[in-house]
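Colleague: Have a look at this one.
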Amino acid sequence: MAFKSGFVNIVGNPNVGKSTLMNILVGEKLSIITAKSQTTRHRIMGVVTTDDYQIVYSDTPGVLKPVYKLQESMLKYSESALEDADVVLYITDVLETKTKNKFFLEMVNRVACPVIILINKIDLAESQDKVVEIINEWKTLVPKAEIYPVSALMKFNTENILDKIVSLLPENPPYFEKDRLTDKPERFFVSEIIREKVLENYDKEIPYSVEVEVETFKEEEEIIRIQSVINVIRESQKGIIIGKQGSALKKLGSMARKELEAFFGKKIYLEIFVKVSKDWRDNKNRLKNFGYDVSGIQ
């Protein structure tokens, strides 16, 4: 049997479970997951390779109408994922308004490749009849798609999704070497894990005002030494992040260090500083330095 490989790009609105599904399909935690919307800001690839196939998954930011340049870049990642996919996985759930961000749904209808719609969170549906009703509505909205009810949380029906994806992959040699897991460098996952802890520990506008930079990453035989900076947009936010006598930042650092040690399988020495970077979300140069694609953004 010929080897198969291809790009399977995961798209959809915020908070429908895209990152959870990506991590389940890849078998590793590559995308951070929280209950807050707009958690994913980048396009993150996860590579699964067997003797017979290679699937290159892409997790993408939730689709939204941009308010500032950061969100313009986030939307670009989602739109580009429709252009280079061999298979599109459009994730929705039993709770969201089906025509939310209709402009993007219209783009999904125009793609040339196969589309699979996953209706997530079916464990929250009021009845089986309601699930059938939702499936039928999606058949009307995206006629070309194959539709599967799933529960990422319960890992329900995810094996069937994998079988379907493999059946749709084109015959190709692998794009990446066999032991490659992702396209992102180690520093990226450090910044994402720290940002995840910000999302978990702070409310209101704080998580959406934060970007994390890794200034130094020095790997020694038994320890990795990391210096990082949490950027915020206002002085008052800096005070909230640090907390009284540094208590909030200390808690954040401890949580991040434990997860980093689990991720890298090594002892971590982590230093975190906080600084004010006013308007970084609307500054193209700052966004570029943070690793965002700002090409084509005014």
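Naming works like this for the structure tokens: A, B, ... for the chains as they're shown, residue 1 at the start of each chain, ligands 1 onward in shown order.
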Give me every strand (DSSP E or B) residue in segment 129-278 of chain A, going by DSSP on the backbone, as number ranges by chain.
Modeller: A: 146-149, 151, 156, 171, 182, 211-219, 223-232, 267-276
Colleague: Can you tell me, as a list in words, what residues are no more than 10 Å from Asn23 of chain A when counting only C-alpha atoms, ignoring any on the same chain fewer than 4 positions away?
Modeller: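 My reading of the contact set: Lys18, Ser19, Gly27, Glu28, Lys29, Leu30, Ser31, Ile32, Ile33, Gly46, Tyr57, Asp59 and Ala152 of chain A.
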Colleague: What is the distance, in Å and to one decimal place, between atom CA of Ala248 of chain A and atom CA of Lys197 of chain A?
Modeller: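 Going from atom CA of Ala248 of chain A over to atom CA of Lys197 of chain A covers 11.0 Å.
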Colleague: Find the residues around Trp280 of chain A up to 10 Å (only C-alpha atoms counted), leave out those fewer than 5 positions away in its own chain, and share them as a ChimeraX atom specification.
Modeller: /A:68-70,209-211,231-233,285-287,290
Colleague: If we count only C-alpha atoms and set the cut-off at 8 Å, which residues sit around segment 260-271 of chain A, ignoring sequence neighbours fewer than 6 positions away in its own chain? Please answer as a JSON list (two decimals) with N, CA and C atoms, in the first residue's frame.
Modeller:
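Below is the file that was written, out-v3.json:
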```
[["chain", "number", "residue", "atom", "x", "y", "z"],
["A", 190, "VAL", "N", 7.43, 27.19, 25.85],
["A", 190, "VAL", "CA", 7.65, 27.87, 27.13],
["A", 190, "VAL", "C", 6.71, 29.06, 27.26],
["A", 193, "ILE", "N", 3.01, 27.93, 27.67],
["A", 193, "ILE", "CA", 2.69, 27.37, 28.98],
["A", 193, "ILE", "C", 2.57, 28.48, 30.03],
["A", 222, "GLU", "N", 21.43, 18.73, 33.25],
["A", 222, "GLU", "CA", 20.39, 18.32, 34.19],
["A", 222, "GLU", "C", 19.33, 19.39, 34.43],
["A", 223, "ILE", "N", 19.47, 20.55, 33.83],
["A", 223, "ILE", "CA", 18.54, 21.65, 34.10],
["A", 223, "ILE", "C", 18.41, 22.57, 32.89],
["A", 224, "ILE", "N", 17.25, 23.17, 32.72],
["A", 224, "ILE", "CA", 17.06, 24.21, 31.70],
["A", 224, "ILE", "C", 16.82, 25.53, 32.44],
["A", 225, "ARG", "N", 17.59, 26.53, 32.08],
["A", 225, "ARG", "CA", 17.45, 27.85, 32.72],
["A", 225, "ARG", "C", 16.75, 28.80, 31.76],
["A", 226, "ILE", "N", 15.63, 29.35, 32.24],
["A", 226, "ILE", "CA", 14.78, 30.17, 31.37],
["A", 226, "ILE", "C", 14.54, 31.54, 32.01],
["A", 227, "GLN", "N", 14.71, 32.58, 31.22],
["A", 227, "GLN", "CA", 14.28, 33.93, 31.62],
["A", 227, "GLN", "C", 13.19, 34.37, 30.66],
["A", 228, "SER", "N", 12.08, 34.84, 31.21],
["A", 228, "SER", "CA", 10.95, 35.23, 30.38],
["A", 228, "SER", "C", 10.36, 36.55, 30.86],
["A", 253, "GLY", "N", 4.50, 31.47, 38.56],
["A", 253, "GLY", "CA", 5.79, 30.88, 38.21],
["A", 253, "GLY", "C", 5.91, 29.44, 38.67]]
```
Colleague: Please, what distance in Å, to one decimal, runs between atom CA of Glu146 of chain A and atom CA of Pro114 of chain A?
Modeller: 8.3 Å
Colleague: Write out as an mmCIF file with C-alpha atoms, in the first residue's frame each polymer residue whose atoms come within 10 Å of Lys275 of chain A, counting only C-alpha atoms; drop sequence neighbours fewer than 6 positions from it.
Modeller:
```cif
data_model
loop_
_atom_site.group_PDB
_atom_site.id
_atom_site.type_symbol
_atom_site.label_atom_id
_atom_site.label_comp_id
_atom_site.auth_asym_id
_atom_site.auth_seq_id
_atom_site.Cartn_x
_atom_site.Cartn_y
_atom_site.Cartn_z
ATOM 1 C CA VAL A 229 8.966 38.472 30.253
ATOM 2 C CA ILE A 230 5.214 38.932 30.570
ATOM 3 C CA ASN A 231 4.209 41.990 28.548
ATOM 4 C CA VAL A 232 1.075 43.904 29.569
ATOM 5 C CA ILE A 233 -0.446 47.066 28.123
ATOM 6 C CA ARG A 234 -1.015 49.072 31.334
ATOM 7 C CA GLU A 235 0.833 49.778 34.572
ATOM 8 C CA GLN A 237 -2.086 45.276 34.913
ATOM 9 C CA LYS A 238 1.560 44.891 35.888
ATOM 10 C CA GLY A 239 0.561 45.348 39.525
#
```
Colleague: Which residue is closest to Asp183 of chain A? Choose from A:Asn109, A:Asn101, A:Asn15, A:Ser58 and count only C-alpha atoms.
Modeller: A:Ser58
Colleague: Give the answer as one residue: which of A:Glu159, A:Glu72, A:Glu221, A:Asp279 has the shortest atom-to-atom distance to His42 of chain A, using only C-alpha atoms?
Modeller: A:Glu72
Colleague: Identify, on the basis of only C-alpha atoms, every residue whose closest approach to Glu192 of chain A does not exceed 8 Å; exclude the query and any residue fewer than 3 positions from it along the same chain; express the result as a PyMOL selection string.
Modeller: chain A and resi 32+188-189+195-196+212
Colleague: Would you export the selected residues with C-alpha atoms as a PDB file, in the first residue's frame, please?
Modeller:
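Below you can see selection-v3.pdb, which holds the result:
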```
ATOM      1  CA  ILE A  32      -2.992  25.277  25.505  1.00  0.00           C
ATOM      2  CA  PHE A 188       7.329  28.753  21.785  1.00  0.00           C
ATOM      3  CA  PHE A 189       6.016  26.118  24.175  1.00  0.00           C
ATOM      4  CA  ARG A 195       0.501  32.308  29.004  1.00  0.00           C
ATOM      5  CA  GLU A 196      -1.788  29.377  29.817  1.00  0.00           C
ATOM      6  CA  VAL A 212       4.994  36.266  26.833  1.00  0.00           C
TER       7      VAL A 212
END
```
Colleague: List the spatial neighbours of Val63 of chain A as a PyMOL selection string - criterion: any atom at most 12 Å away, only C-alpha atoms, same-chain residues fewer than 6 positions off excluded.
Modeller: chain A and resi 10-16+18+37-42+71-81+90-92+100-105+107
Colleague: Work out how far apart atom CA of Ser254 of chain A and atom CA of Leu25 of chain A are and give it in Å to one decimal.
Modeller: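 Separation between atom CA of Ser254 of chain A and atom CA of Leu25 of chain A: 29.0 Å.
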Colleague: If you run DSSP on the backbone here, which positions in segment 21-148 of chain A get helix (DSSP H, G or I)? Please write them as a VMD selection string.
Modeller: chain A and resid 21 to 26 69 to 83 102 to 110 122 to 124 128 to 141
Colleague: Just checking: using only C-alpha atoms, which residue out of A:Leu168, A:Leu124, A:Leu21, A:Ile240 ends up closest to Pro207 of chain A?
Modeller: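 Answer, going by the shortest atom-to-atom distance: A:Ile240.
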